[in-house]
$ cat data_34.txt   # compact mmCIF, C-alpha atoms and all ligand atoms
# COMPACT_ATOMS: atom_id res chain seq x y z
CA MET U 1 31.54 -56.67 29.18
CA GLY U 2 31.88 -55.47 25.65
CA LEU U 3 29.15 -53.38 24.17
CA ARG U 4 27.55 -54.87 21.06
CA CYS U 5 25.64 -52.68 18.65
CA GLY U 6 23.72 -53.76 15.58
CA LEU U 7 23.14 -51.42 12.64
CA ILE U 8 19.61 -51.58 11.35
CA GLY U 9 17.69 -49.64 8.72
CA LEU U 10 16.25 -49.65 5.22
CA PRO U 11 18.46 -50.64 2.27
CA GLN U 12 20.68 -47.79 1.06
CA SER U 13 20.21 -45.78 4.24
CA GLY U 14 23.98 -45.66 4.80
CA LYS U 15 24.63 -48.42 7.34
CA THR U 16 27.72 -49.87 5.71
CA THR U 17 29.11 -46.39 5.06
CA ILE U 18 28.74 -45.64 8.77
CA PHE U 19 30.10 -49.07 9.72
CA ASN U 20 33.21 -48.32 7.65
CA ALA U 21 33.54 -44.87 9.19
CA ILE U 22 33.30 -46.24 12.71
CA THR U 23 35.60 -49.17 12.18
CA ALA U 24 38.05 -47.23 10.00
CA ALA U 25 37.42 -49.65 7.16
CA GLY U 26 38.17 -52.91 8.60
CA ALA U 27 40.75 -53.19 11.35
CA GLY U 28 39.79 -56.59 12.69
CA SER U 29 36.58 -56.69 10.79
CA TYR U 30 34.90 -59.66 9.25
CA THR U 31 33.04 -59.17 6.03
CA GLY U 32 30.56 -61.78 4.97
CA ALA U 33 27.83 -61.91 2.38
CA GLU U 34 25.22 -61.24 5.03
CA MET U 35 26.96 -59.14 7.60
CA ASN U 36 29.99 -57.17 8.56
CA ARG U 37 31.31 -57.49 12.07
CA ALA U 38 34.12 -55.61 13.74
CA VAL U 39 35.45 -54.92 17.20
CA VAL U 40 36.79 -51.43 17.81
CA ASN U 41 38.39 -49.86 20.84
CA VAL U 42 36.24 -47.29 22.55
CA PRO U 43 38.13 -44.01 22.32
CA ASP U 44 38.52 -42.31 25.70
CA PRO U 45 40.93 -39.38 26.12
CA ARG U 46 41.28 -40.27 29.81
CA ILE U 47 43.27 -43.38 28.87
CA ASP U 48 46.18 -41.30 27.53
CA ALA U 49 46.28 -39.19 30.66
CA LEU U 50 46.38 -42.26 32.91
CA VAL U 51 49.08 -43.83 30.75
CA GLY U 52 51.01 -40.56 31.17
CA LEU U 53 50.93 -41.08 34.96
CA TYR U 54 51.84 -44.76 35.14
CA HIS U 55 53.59 -45.65 31.86
CA PRO U 56 52.29 -49.24 32.04
CA PRO U 57 53.33 -51.80 29.42
CA LYS U 58 49.69 -52.80 28.96
CA VAL U 59 46.60 -50.76 28.18
CA VAL U 60 43.16 -52.31 27.84
CA PRO U 61 40.44 -50.02 26.50
CA ALA U 62 36.75 -50.88 26.44
CA THR U 63 35.56 -52.40 23.20
CA LEU U 64 32.57 -51.98 20.97
CA GLU U 65 31.49 -54.77 18.69
CA ILE U 66 29.50 -53.59 15.75
CA VAL U 67 27.43 -55.68 13.36
CA ASP U 68 26.16 -54.43 10.03
CA ILE U 69 23.43 -56.34 8.21
CA PRO U 70 21.84 -55.58 4.84
CA GLY U 71 18.75 -53.37 4.96
CA LEU U 72 15.35 -54.76 5.79
CA SER U 73 12.49 -53.88 3.51
CA ALA U 74 8.75 -53.99 4.07
CA GLY U 75 7.59 -57.59 4.23
CA SER U 76 11.07 -59.08 4.45
CA THR U 77 10.31 -60.88 7.72
CA ALA U 78 7.11 -62.50 6.43
CA GLY U 79 7.13 -66.30 6.43
CA ASP U 80 10.69 -67.52 6.54
CA GLY U 81 11.82 -64.34 4.84
CA ARG U 82 15.39 -63.17 4.54
CA GLY U 83 14.71 -60.41 7.04
CA THR U 84 14.10 -62.94 9.80
CA ARG U 85 17.47 -64.53 9.15
CA LEU U 86 19.18 -61.13 9.02
CA LEU U 87 17.63 -60.07 12.32
CA GLY U 88 18.99 -63.30 13.77
CA HIS U 89 22.46 -61.74 13.47
CA LEU U 90 21.36 -59.05 15.93
CA LYS U 91 20.01 -61.39 18.62
CA ASP U 92 22.99 -60.83 20.88
CA ALA U 93 23.23 -57.07 20.32
CA THR U 94 22.99 -54.87 23.41
CA ALA U 95 21.57 -51.97 21.44
CA LEU U 96 20.46 -51.10 17.94
CA LEU U 97 21.78 -48.20 15.89
CA HIS U 98 18.86 -47.38 13.66
CA VAL U 99 20.24 -45.57 10.60
CA VAL U 100 17.68 -43.38 8.86
CA ARG U 101 18.31 -41.72 5.55
CA CYS U 102 18.04 -37.99 6.09
CA PHE U 103 19.66 -36.82 2.86
CA ALA U 104 17.99 -36.31 -0.47
CA ASP U 105 20.42 -37.18 -3.23
CA PRO U 106 18.87 -38.24 -6.53
CA ASN U 107 22.17 -39.85 -7.50
CA VAL U 108 21.99 -42.37 -4.68
CA PRO U 109 19.26 -44.95 -5.32
CA PHE U 110 16.75 -45.61 -2.55
CA VAL U 111 13.74 -47.89 -2.09
CA HIS U 112 11.44 -44.87 -2.03
CA SER U 113 11.26 -41.80 -4.25
CA THR U 114 10.85 -39.55 -1.22
CA ILE U 115 12.71 -39.08 2.06
CA ASP U 116 10.43 -39.73 5.04
CA PRO U 117 11.99 -40.73 8.36
CA ARG U 118 8.64 -41.53 9.98
CA ARG U 119 7.68 -43.98 7.27
CA ASP U 120 11.14 -45.56 7.38
CA VAL U 121 11.21 -45.95 11.16
CA GLU U 122 7.72 -47.45 11.15
CA THR U 123 8.72 -49.89 8.42
CA ILE U 124 11.73 -51.17 10.36
CA ASP U 125 9.80 -51.30 13.65
CA LEU U 126 7.11 -53.35 11.93
CA GLU U 127 9.63 -55.83 10.56
CA MET U 128 11.13 -56.25 14.02
CA MET U 129 7.68 -56.74 15.54
CA VAL U 130 6.69 -59.36 12.95
CA ALA U 131 9.89 -61.29 13.66
CA ASP U 132 9.32 -61.00 17.44
CA SER U 133 5.71 -62.15 17.14
CA ARG U 134 6.83 -65.33 15.49
CA THR U 135 9.48 -65.91 18.16
CA LEU U 136 6.84 -65.47 20.88
CA GLU U 137 4.34 -67.73 19.12
CA ASN U 138 7.00 -70.43 18.89
CA LYS U 139 7.66 -70.11 22.58
CA VAL U 140 3.95 -70.39 23.38
CA ASN U 141 3.66 -73.52 21.23
CA ARG U 142 6.66 -75.04 22.93
CA LEU U 143 5.39 -74.33 26.43
CA GLU U 144 1.77 -75.29 26.00
CA LYS U 145 2.19 -78.96 26.80
CA HIS U 146 4.07 -78.06 29.99
CA ALA U 147 1.33 -75.68 31.02
CA ARG U 148 -1.24 -78.40 30.45
CA THR U 149 0.54 -80.62 32.95
CA GLY U 150 0.25 -77.91 35.57
CA ASP U 151 3.63 -76.19 35.24
CA LYS U 152 2.97 -72.78 36.87
CA ASP U 153 6.05 -71.11 35.40
CA ALA U 154 5.11 -72.22 31.92
CA ALA U 155 1.58 -70.87 32.40
CA ARG U 156 2.90 -67.50 33.55
CA GLU U 157 5.40 -67.28 30.69
CA ILE U 158 2.65 -68.07 28.20
CA ALA U 159 0.48 -65.33 29.68
CA THR U 160 3.34 -62.85 29.36
CA CYS U 161 3.96 -63.91 25.76
CA HIS U 162 0.29 -63.31 24.96
CA LYS U 163 0.41 -59.90 26.59
CA VAL U 164 3.50 -58.86 24.63
CA LEU U 165 2.02 -60.32 21.44
CA ALA U 166 -1.17 -58.31 21.87
CA ALA U 167 0.79 -55.08 22.26
CA LEU U 168 2.96 -55.92 19.25
CA ASN U 169 -0.24 -56.42 17.28
CA ASP U 170 -1.26 -52.94 18.36
CA GLY U 171 2.00 -51.63 16.91
CA VAL U 172 3.93 -51.12 20.13
CA PRO U 173 7.52 -52.41 20.02
CA ALA U 174 8.47 -54.43 23.11
CA ARG U 175 10.91 -51.72 24.25
CA ARG U 176 7.96 -49.33 24.68
CA GLN U 177 5.63 -51.74 26.45
CA GLY U 178 6.80 -50.90 29.96
CA LEU U 179 7.38 -54.56 30.82
CA THR U 180 7.97 -55.45 34.45
CA ASP U 181 11.13 -57.21 35.62
CA GLN U 182 9.21 -60.48 35.85
CA GLU U 183 7.81 -60.06 32.34
CA LEU U 184 11.29 -59.27 31.03
CA LYS U 185 12.53 -62.48 32.63
CA ASP U 186 9.65 -64.43 31.11
CA VAL U 187 10.63 -63.41 27.57
CA PHE U 188 14.39 -63.19 28.18
CA ASP U 189 15.17 -66.31 26.17
CA CYS U 190 13.34 -64.88 23.13
CA ASN U 191 15.96 -62.16 22.58
CA LEU U 192 13.27 -59.93 21.13
CA VAL U 193 14.78 -57.40 18.72
CA SER U 194 12.08 -54.81 19.29
CA LEU U 195 13.00 -54.91 22.99
CA LYS U 196 16.52 -53.65 22.40
CA PRO U 197 17.23 -50.01 23.17
CA VAL U 198 17.49 -47.92 20.01
CA LEU U 199 19.82 -45.05 19.22
CA TYR U 200 18.68 -43.22 16.10
CA VAL U 201 21.33 -42.16 13.63
CA ALA U 202 20.32 -39.52 11.10
CA ASN U 203 22.53 -40.02 8.08
CA ILE U 204 23.09 -36.65 6.47
CA SER U 205 25.08 -35.56 3.45
CA ALA U 206 27.20 -32.94 5.16
CA PRO U 207 27.66 -31.82 8.77
CA ASP U 208 26.09 -28.43 8.03
CA ASP U 209 22.92 -30.21 6.97
CA ALA U 210 22.19 -31.28 10.55
CA ASP U 211 19.12 -29.06 10.78
CA ASN U 212 17.23 -30.21 7.73
CA GLU U 213 13.54 -31.13 7.91
CA TYR U 214 14.26 -34.88 7.87
CA VAL U 215 16.54 -34.62 10.87
CA ALA U 216 13.86 -32.60 12.64
CA ALA U 217 11.29 -35.31 11.91
CA LEU U 218 13.59 -38.03 13.24
CA ARG U 219 14.39 -35.97 16.32
CA THR U 220 10.66 -35.78 17.09
CA ILE U 221 10.31 -39.54 16.76
CA ALA U 222 13.29 -40.11 19.04
CA ALA U 223 11.94 -37.64 21.59
CA THR U 224 8.52 -39.30 21.76
CA GLU U 225 10.11 -42.59 22.70
CA ASN U 226 12.73 -41.05 24.97
CA ALA U 227 15.52 -42.20 22.73
CA GLU U 228 18.60 -40.35 21.60
CA MET U 229 19.37 -39.23 18.08
CA ILE U 230 22.70 -38.24 16.62
CA THR U 231 23.54 -36.95 13.16
CA ILE U 232 26.36 -38.55 11.21
CA SER U 233 27.48 -37.60 7.76
CA GLY U 234 28.37 -41.09 6.64
CA VAL U 235 30.38 -40.14 3.59
CA ASP U 236 32.41 -37.42 5.32
CA GLU U 237 33.06 -39.56 8.37
CA ALA U 238 34.22 -42.46 6.20
CA GLU U 239 36.75 -40.06 4.66
CA ILE U 240 37.83 -38.75 8.07
CA ALA U 241 38.41 -42.29 9.32
CA GLU U 242 40.96 -42.87 6.59
CA LEU U 243 43.12 -39.86 7.47
CA ASP U 244 46.04 -39.97 9.88
CA PRO U 245 45.35 -38.47 13.29
CA ASP U 246 46.88 -35.02 12.58
CA GLU U 247 44.95 -34.48 9.40
CA ARG U 248 41.86 -35.84 11.08
CA ALA U 249 41.78 -33.07 13.66
CA GLU U 250 42.17 -30.46 10.94
CA PHE U 251 39.45 -31.97 8.79
CA LEU U 252 37.06 -32.23 11.74
CA ALA U 253 37.65 -28.58 12.60
CA ALA U 254 37.07 -27.58 8.98
CA LEU U 255 33.72 -29.39 9.08
CA GLY U 256 32.84 -27.78 12.41
CA LEU U 257 32.74 -31.12 14.24
CA ALA U 258 33.97 -31.47 17.80
CA ALA U 259 34.66 -35.20 17.67
CA PRO U 260 34.60 -37.99 15.09
CA ALA U 261 31.42 -40.04 14.69
CA ILE U 262 32.70 -42.94 16.74
CA GLU U 263 33.17 -40.76 19.82
CA ARG U 264 29.79 -39.08 19.54
CA LEU U 265 28.14 -42.40 18.86
CA ILE U 266 29.77 -44.13 21.79
CA ARG U 267 28.82 -41.35 24.19
CA ALA U 268 25.22 -41.48 23.02
CA ALA U 269 25.18 -45.30 23.21
CA TYR U 270 26.55 -45.19 26.76
CA ARG U 271 23.85 -42.70 27.72
CA THR U 272 21.16 -44.80 26.04
CA LEU U 273 22.27 -47.90 27.89
CA GLY U 274 23.13 -46.13 31.14
CA LEU U 275 26.75 -47.25 31.03
CA VAL U 276 29.68 -45.71 32.87
CA SER U 277 33.44 -46.23 32.55
CA PHE U 278 35.69 -46.77 35.51
CA PHE U 279 39.37 -47.56 35.66
CA THR U 280 42.01 -49.65 37.31
CA ALA U 281 45.36 -47.98 36.82
CA GLY U 282 48.89 -48.76 37.93
CA PRO U 283 52.41 -49.40 36.69
CA LYS U 284 51.39 -52.77 35.24
CA GLU U 285 48.23 -51.84 33.42
CA VAL U 286 45.63 -49.19 32.71
CA HIS U 287 42.30 -50.90 32.19
CA VAL U 288 38.92 -49.40 31.32
CA TRP U 289 35.90 -51.23 32.70
CA THR U 290 32.24 -50.79 31.87
CA ALA U 291 29.47 -50.89 34.44
CA ARG U 292 25.86 -49.82 34.57
CA ARG U 293 24.95 -46.54 36.17
CA GLY U 294 23.62 -47.50 39.58
CA ASP U 295 25.80 -50.60 39.95
CA THR U 296 27.09 -50.97 43.50
CA ALA U 297 30.82 -51.27 44.20
CA PRO U 298 30.72 -55.10 44.49
CA VAL U 299 28.80 -55.45 41.22
CA ALA U 300 31.29 -53.15 39.48
CA ALA U 301 34.17 -55.09 41.05
CA GLY U 302 32.58 -58.23 39.63
CA LYS U 303 33.22 -56.88 36.13
CA ILE U 304 36.92 -57.16 36.92
CA HIS U 305 36.73 -60.59 38.51
CA THR U 306 33.87 -62.59 39.99
CA ASP U 307 36.05 -63.30 43.07
CA MET U 308 36.17 -59.56 43.70
CA GLU U 309 32.40 -59.44 43.87
CA LYS U 310 32.05 -62.55 46.02
CA GLY U 311 34.85 -61.66 48.42
CA PHE U 312 34.36 -57.88 48.27
CA ILE U 313 35.68 -56.06 51.33
CA ARG U 314 36.01 -52.44 50.23
CA MET U 315 36.95 -50.21 47.34
CA GLU U 316 39.42 -47.36 47.30
CA VAL U 317 38.28 -44.67 44.93
CA ILE U 318 40.03 -41.63 43.52
CA ARG U 319 38.16 -39.51 41.02
CA TYR U 320 39.93 -39.39 37.66
CA ASP U 321 39.90 -35.55 37.71
CA ASP U 322 41.50 -35.42 41.16
CA LEU U 323 44.16 -37.95 40.20
CA ILE U 324 45.16 -36.04 37.09
CA GLU U 325 45.03 -32.66 38.80
CA LEU U 326 47.15 -33.78 41.74
CA GLY U 327 49.51 -35.78 39.56
CA SER U 328 49.86 -39.00 41.58
CA GLU U 329 48.06 -41.41 43.84
CA ASP U 330 50.21 -40.33 46.80
CA ALA U 331 49.36 -36.69 46.25
CA ALA U 332 45.68 -37.56 45.96
CA VAL U 333 45.82 -39.52 49.22
CA LYS U 334 47.61 -36.64 50.99
CA ALA U 335 44.99 -34.21 49.73
CA GLY U 336 42.29 -36.45 51.20
CA LYS U 337 40.95 -37.34 47.79
CA ARG U 338 41.02 -41.10 48.21
CA ARG U 339 37.80 -42.47 49.59
CA ILE U 340 37.32 -45.87 51.16
CA VAL U 341 33.86 -47.06 50.19
CA GLY U 342 31.79 -50.10 51.04
CA LYS U 343 29.13 -52.35 49.56
CA ASP U 344 26.52 -49.62 49.14
CA TYR U 345 28.67 -47.25 47.11
CA LEU U 346 27.38 -46.63 43.58
CA ILE U 347 30.13 -46.64 40.99
CA GLN U 348 30.58 -43.33 39.15
CA ASP U 349 31.87 -42.60 35.69
CA GLY U 350 35.56 -41.73 36.01
CA ASP U 351 36.28 -43.59 39.26
CA VAL U 352 39.81 -44.95 39.47
CA VAL U 353 39.55 -47.90 41.83
CA VAL U 354 41.43 -50.48 43.83
CA VAL U 355 39.31 -53.40 45.05
CA ARG U 356 40.17 -55.08 48.35
CA PHE U 357 38.71 -58.55 48.54
CA SER U 358 39.21 -61.87 50.17
CA PRO U 359 40.24 -64.29 47.41
CA ARG U 360 39.23 -67.44 49.28
CA HIS U 361 35.74 -66.32 49.98
N1 LIG C 1 25.01 -38.31 -0.65
C1 LIG C 1 25.21 -39.19 0.31
N2 LIG C 1 25.31 -40.47 0.00
C2 LIG C 1 25.50 -41.36 1.00
C3 LIG C 1 25.58 -40.98 2.36
N3 LIG C 1 25.76 -42.07 3.12
C4 LIG C 1 25.78 -43.11 2.26
N4 LIG C 1 25.64 -42.67 0.98
C5 LIG C 1 25.60 -43.49 -0.23
O1 LIG C 1 24.44 -44.28 -0.19
C6 LIG C 1 24.68 -45.54 -0.81
C7 LIG C 1 24.27 -46.63 0.14
O2 LIG C 1 25.10 -46.60 1.27
P1 LIG C 1 25.39 -47.90 2.11
O3 LIG C 1 26.21 -47.46 3.26
O4 LIG C 1 25.91 -48.99 1.26
O5 LIG C 1 23.92 -48.24 2.58
P2 LIG C 1 23.41 -49.49 3.41
O6 LIG C 1 22.42 -48.97 4.38
O7 LIG C 1 24.55 -50.27 3.94
O8 LIG C 1 22.66 -50.32 2.29
P3 LIG C 1 22.29 -51.90 2.32
O9 LIG C 1 23.48 -52.64 2.79
O10 LIG C 1 21.90 -52.17 0.92
O11 LIG C 1 21.13 -52.02 3.25
C8 LIG C 1 26.15 -45.57 -1.15
O12 LIG C 1 26.27 -45.28 -2.53
C9 LIG C 1 26.73 -44.47 -0.30
O13 LIG C 1 27.87 -43.89 -0.90
C10 LIG C 1 25.50 -39.60 2.67
O14 LIG C 1 25.59 -39.18 3.82
N5 LIG C 1 25.29 -38.76 1.61
MG MG C 2 25.11 -52.27 3.73
$ encode --input "data_34.txt" --output "structure tokens"
Amino acid sequence: MGLRCGLIGLPQSGKTTIFNAITAAGAGSYTGAEMNRAVVNVPDPRIDALVGLYHPPKVVPATLEIVDIPGLSAGSTAGDGRGTRLLGHLKDATALLHVVRCFADPNVPFVHSTIDPRRDVETIDLEMMVADSRTLENKVNRLEKHARTGDKDAAREIATCHKVLAALNDGVPARRQGLTDQELKDVFDCNLVSLKPVLYVANISAPDDADNEYVAALRTIAATENAEMITISGVDEAEIAELDPDERAEFLAALGLAAPAIERLIRAAYRTLGLVSFFTAGPKEVHVWTARRGDTAPVAAGKIHTDMEKGFIRMEVIRYDDLIELGSEDAAVKAGKRRIVGKDYLIQDGDVVVVRFSPRH
């Protein structure tokens, strides 16, 4: 399961600059008139340590797909506006990275003469809600004839659509409507953009500007909706991404940054989405897998192969820290650090696992 993030924000907020910083200007990226798309490996220092133990010929990191669309402006989703089409590129995104301009630089044009994160966030939310309203209305129109012939499911889905529509009209994005599991299922096929979890990205001019008043305003917005916010200096990070690894570490240190934007962003995105990484590791391959926090062992095993979920027998788990500290699987087993767990075990970030399953289940 690759993570897919869509960059969203006003024009000239710094999305493409951040896209370039994250994707190191293009490795495997596709650049079109209407969007940029790239797949990057998720950096994880634990991979190197595991490779150091097993020296496998193959290493498979987790991936992040990132999509960058041009900025939306107020009114751009009205009618069959361009904004609607642009948002269509984000339909399959798992999460949105909402880039908000938090730097005041008169030399960089902007749609407004002032910097105001609240106004900007509300503008983008509104565009998403307008687009979602139309999607829901279309669904209602489509289902009405079924409901008239007594289709109970159709009637329930219509009722849910009306409920979500009413809240959108009141200015509440779908992600903040507290929808029940059934309601989420009812609107699942709509791929509502305002339902997607948001990670706010404050684009600042320099890392030491991370405490400016705009960042503070955005942090408040993020806090009220229980979302995360990170600061990224788009221009600096784009420069960092172009350096070779040695120089990169030096440059980061000089800027007072602990990790490049991609690492901070990924960690925040994983927290936002409740994702954890677990590993399979051996002489043939080190492989990073992504599961949801709270997934049981069989569900996590199913990320590796559906047969492993269906025929799940047990999982053997060594914590990454124990494995590295003790230096080998054998040593970990001798130290009693390998646990045999069953169907109820909840997968943890950093588990190194072997799945035992019956293939002909
Ligand atoms: N001073 C300063 N300028 C920045 C920063 N980030 C981006 N810019 C500049 O802002 C301008 C717009 O940046 P883009 O990354 O193209 O913005 P965008 O959000 O992709 O814009 P659209 O694609 O038009 O929606 C460019 O000239 C960037 O060099 C920053 O952190 N500080
Ligand atoms: Mg752009």
$ closest_atom_pairs --input "data_34.txt" --of "chain U" --to "ligand LIG 1 (chain C)" --cutoff "8 Å" --atoms "all atoms listed in the file" --output "JSON lines"
{"residue": "U:Ile8", "atom": "CA", "partner": "C:LIG1", "partner_atom": "O6", "distance": 8.0}
{"residue": "U:Gly9", "atom": "CA", "partner": "C:LIG1", "partner_atom": "O6", "distance": 6.5}
{"residue": "U:Leu10", "atom": "CA", "partner": "C:LIG1", "partner_atom": "O11", "distance": 5.8}
{"residue": "U:Pro11", "atom": "CA", "partner": "C:LIG1", "partner_atom": "O11", "distance": 3.2}
{"residue": "U:Gln12", "atom": "CA", "partner": "C:LIG1", "partner_atom": "O8", "distance": 3.4}
{"residue": "U:Ser13", "atom": "CA", "partner": "C:LIG1", "partner_atom": "O6", "distance": 3.9}
{"residue": "U:Gly14", "atom": "CA", "partner": "C:LIG1", "partner_atom": "O3", "distance": 3.3}
{"residue": "U:Lys15", "atom": "CA", "partner": "C:LIG1", "partner_atom": "O6", "distance": 3.7}
{"residue": "U:Thr16", "atom": "CA", "partner": "C:LIG1", "partner_atom": "O7", "distance": 3.7}
{"residue": "U:Thr17", "atom": "CA", "partner": "C:LIG1", "partner_atom": "O3", "distance": 3.6}
{"residue": "U:Ile18", "atom": "CA", "partner": "C:LIG1", "partner_atom": "O3", "distance": 6.3}
{"residue": "U:Phe19", "atom": "CA", "partner": "C:LIG1", "partner_atom": "O3", "distance": 7.7}
{"residue": "U:Asp68", "atom": "CA", "partner": "C:LIG1", "partner_atom": "O7", "distance": 7.5}
{"residue": "U:Ile69", "atom": "CA", "partner": "C:LIG1", "partner_atom": "O9", "distance": 6.6}
{"residue": "U:Pro70", "atom": "CA", "partner": "C:LIG1", "partner_atom": "O9", "distance": 3.9}
{"residue": "U:Gly71", "atom": "CA", "partner": "C:LIG1", "partner_atom": "O11", "distance": 3.2}
{"residue": "U:Leu72", "atom": "CA", "partner": "C:LIG1", "partner_atom": "O11", "distance": 6.9}
{"residue": "U:Val99", "atom": "CA", "partner": "C:LIG1", "partner_atom": "O6", "distance": 7.4}
{"residue": "U:Arg101", "atom": "CA", "partner": "C:LIG1", "partner_atom": "N3", "distance": 7.8}
{"residue": "U:Cys102", "atom": "CA", "partner": "C:LIG1", "partner_atom": "O14", "distance": 8.0}
{"residue": "U:Phe103", "atom": "CA", "partner": "C:LIG1", "partner_atom": "N5", "distance": 6.1}
{"residue": "U:Ala104", "atom": "CA", "partner": "C:LIG1", "partner_atom": "N1", "distance": 7.3}
{"residue": "U:Asp105", "atom": "CA", "partner": "C:LIG1", "partner_atom": "N1", "distance": 5.4}
{"residue": "U:Asn107", "atom": "CA", "partner": "C:LIG1", "partner_atom": "N1", "distance": 7.6}
{"residue": "U:Val108", "atom": "CA", "partner": "C:LIG1", "partner_atom": "O1", "distance": 5.5}
{"residue": "U:Pro109", "atom": "CA", "partner": "C:LIG1", "partner_atom": "C6", "distance": 7.1}
{"residue": "U:Asn203", "atom": "CA", "partner": "C:LIG1", "partner_atom": "O14", "distance": 5.3}
{"residue": "U:Ile204", "atom": "CA", "partner": "C:LIG1", "partner_atom": "O14", "distance": 4.4}
{"residue": "U:Ser205", "atom": "CA", "partner": "C:LIG1", "partner_atom": "O14", "distance": 3.7}
{"residue": "U:Ala206", "atom": "CA", "partner": "C:LIG1", "partner_atom": "O14", "distance": 6.6}
{"residue": "U:Ile232", "atom": "CA", "partner": "C:LIG1", "partner_atom": "O14", "distance": 7.5}
{"residue": "U:Ser233", "atom": "CA", "partner": "C:LIG1", "partner_atom": "O14", "distance": 4.6}
{"residue": "U:Gly234", "atom": "CA", "partner": "C:LIG1", "partner_atom": "O14", "distance": 4.4}
{"residue": "U:Val235", "atom": "CA", "partner": "C:LIG1", "partner_atom": "O14", "distance": 4.9}
{"residue": "U:Asp236", "atom": "CA", "partner": "C:LIG1", "partner_atom": "O14", "distance": 7.2}
$ atom_distance --input "data_34.txt" --atom1 "atom CA of U:Leu7" --atom2 "atom CA of U:Ile230"
13.8 Å
$ atom_distance --input "data_34.txt" --atom1 "atom CA of U:Asp307" --atom2 "atom CA of U:Gly274"
24.6 Å
$ closest_residue --input "data_34.txt" --among "U:Asp208, U:Asp170, U:Glu250, U:Glu144" --to "U:Leu126" --atoms "all atoms listed in the file"
U:Asp170
$ closest_residue --input "data_34.txt" --among "U:Ala166, U:Leu257, U:Met35, U:Ala332" --to "ligand MG 2 (chain C)" --atoms "all atoms listed in the file"
U:Met35
$ closest_residue --input "data_34.txt" --among "U:Glu127, U:Glu183, U:Glu34, U:Glu225" --to "ligand MG 2 (chain C)" --atoms "all atoms listed in the file"
U:Glu34
$ closest_residue --input "data_34.txt" --among "U:Ile124, U:Val353, U:Val111, U:Leu199" --to "U:Arg267" --atoms "all atoms listed in the file"
U:Leu199
$ residues_around --input "data_34.txt" --residues "U:Arg338" --least-positions-apart "6" --cutoff "7 Å" --atoms "only C-alpha atoms" --output "list in words"
Glu316, Val317, Ile318 and Ala332 of chain U
$ residues_near_point --input "data_34.txt" --point "(54.8, -43.3, 30.7)" --cutoff "12 Å" --atoms "only C-alpha atoms" --output "PyMOL selection string"
chain U and resi 47-59+282-286
$ atom_distance --input "data_34.txt" --atom1 "atom CA of U:Arg156" --atom2 "atom CA of U:Thr135"
16.8 Å
$ axis_aligned_box --input "data_34.txt" --around "stretch 228-234 of chain U" --padding-each-side "5 Å" --output "JSON"
{"center_x": 23.5, "center_y": -39.0, "center_z": 14.1, "size_x": 19.8, "size_y": 14.1, "size_z": 25.0}
$ residues_near_point --input "data_34.txt" --point "(13.1, -55.0, 23.1)" --cutoff "9 Å" --atoms "only C-alpha atoms" --output "list in words"
Pro173, Ala174, Arg175, Arg176, Gln177, Asn191, Leu192, Val193, Ser194, Leu195, Lys196, Pro197 and Val198 of chain U
$ closest_residue --input "data_34.txt" --among "U:Thr23, U:Asn226, U:Asn36, U:Asn169" --to "ligand MG 2 (chain C)" --atoms "all atoms listed in the file"
U:Asn36
$ closest_residue --input "data_34.txt" --among "U:Val67, U:Val100, U:Val355, U:Leu184" --to "U:Arg219" --atoms "all atoms listed in the file"
U:Val100
$ residues_around --input "data_34.txt" --residues "U:Leu3" --least-positions-apart "5" --cutoff "8 Å" --atoms "all atoms listed in the file" --output "PyMOL selection string"
chain U and resi 63-65+93-94
$ write_last_selection --input "data_34.txt" --atoms "C-alpha atoms" --output "PDB file, keeping the file's coordinate frame"
ATOM      1  CA  THR U  63      35.560 -52.400  23.200  1.00  0.00           C
ATOM      2  CA  LEU U  64      32.570 -51.980  20.970  1.00  0.00           C
ATOM      3  CA  GLU U  65      31.490 -54.770  18.690  1.00  0.00           C
ATOM      4  CA  ALA U  93      23.230 -57.070  20.320  1.00  0.00           C
ATOM      5  CA  THR U  94      22.990 -54.870  23.410  1.00  0.00           C
TER       6      THR U  94
END
$ residues_around --input "data_34.txt" --residues "U:Arg46" --least-positions-apart "6" --cutoff "10 Å" --atoms "all atoms listed in the file" --output "VMD selection string"
chain U and resid 52 279 288 320 to 321 324 350
$ build_atoms --input "data_34.txt" --residues "stretch 194-200 of chain U" --atoms "N, CA and C atoms" --output "CSV table (one decimal), in the frame of the given file"
chain,number,residue,atom,x,y,z
U,194,SER,N,12.8,-56.1,19.1
U,194,SER,CA,12.1,-54.8,19.3
U,194,SER,C,12.2,-54.4,20.8
U,195,LEU,N,12.8,-55.3,21.6
U,195,LEU,CA,13.0,-54.9,23.0
U,195,LEU,C,14.3,-54.2,23.2
U,196,LYS,N,15.2,-54.2,22.2
U,196,LYS,CA,16.5,-53.6,22.4
U,196,LYS,C,16.5,-52.1,22.3
U,197,PRO,N,17.2,-51.5,23.2
U,197,PRO,CA,17.2,-50.0,23.2
U,197,PRO,C,17.7,-49.5,21.8
U,198,VAL,N,17.1,-48.4,21.3
U,198,VAL,CA,17.5,-47.9,20.0
U,198,VAL,C,18.2,-46.5,20.1
U,199,LEU,N,19.2,-46.4,19.4
U,199,LEU,CA,19.8,-45.0,19.2
U,199,LEU,C,19.6,-44.7,17.7
U,200,TYR,N,18.9,-43.6,17.5
U,200,TYR,CA,18.7,-43.2,16.1
U,200,TYR,C,19.9,-42.5,15.5
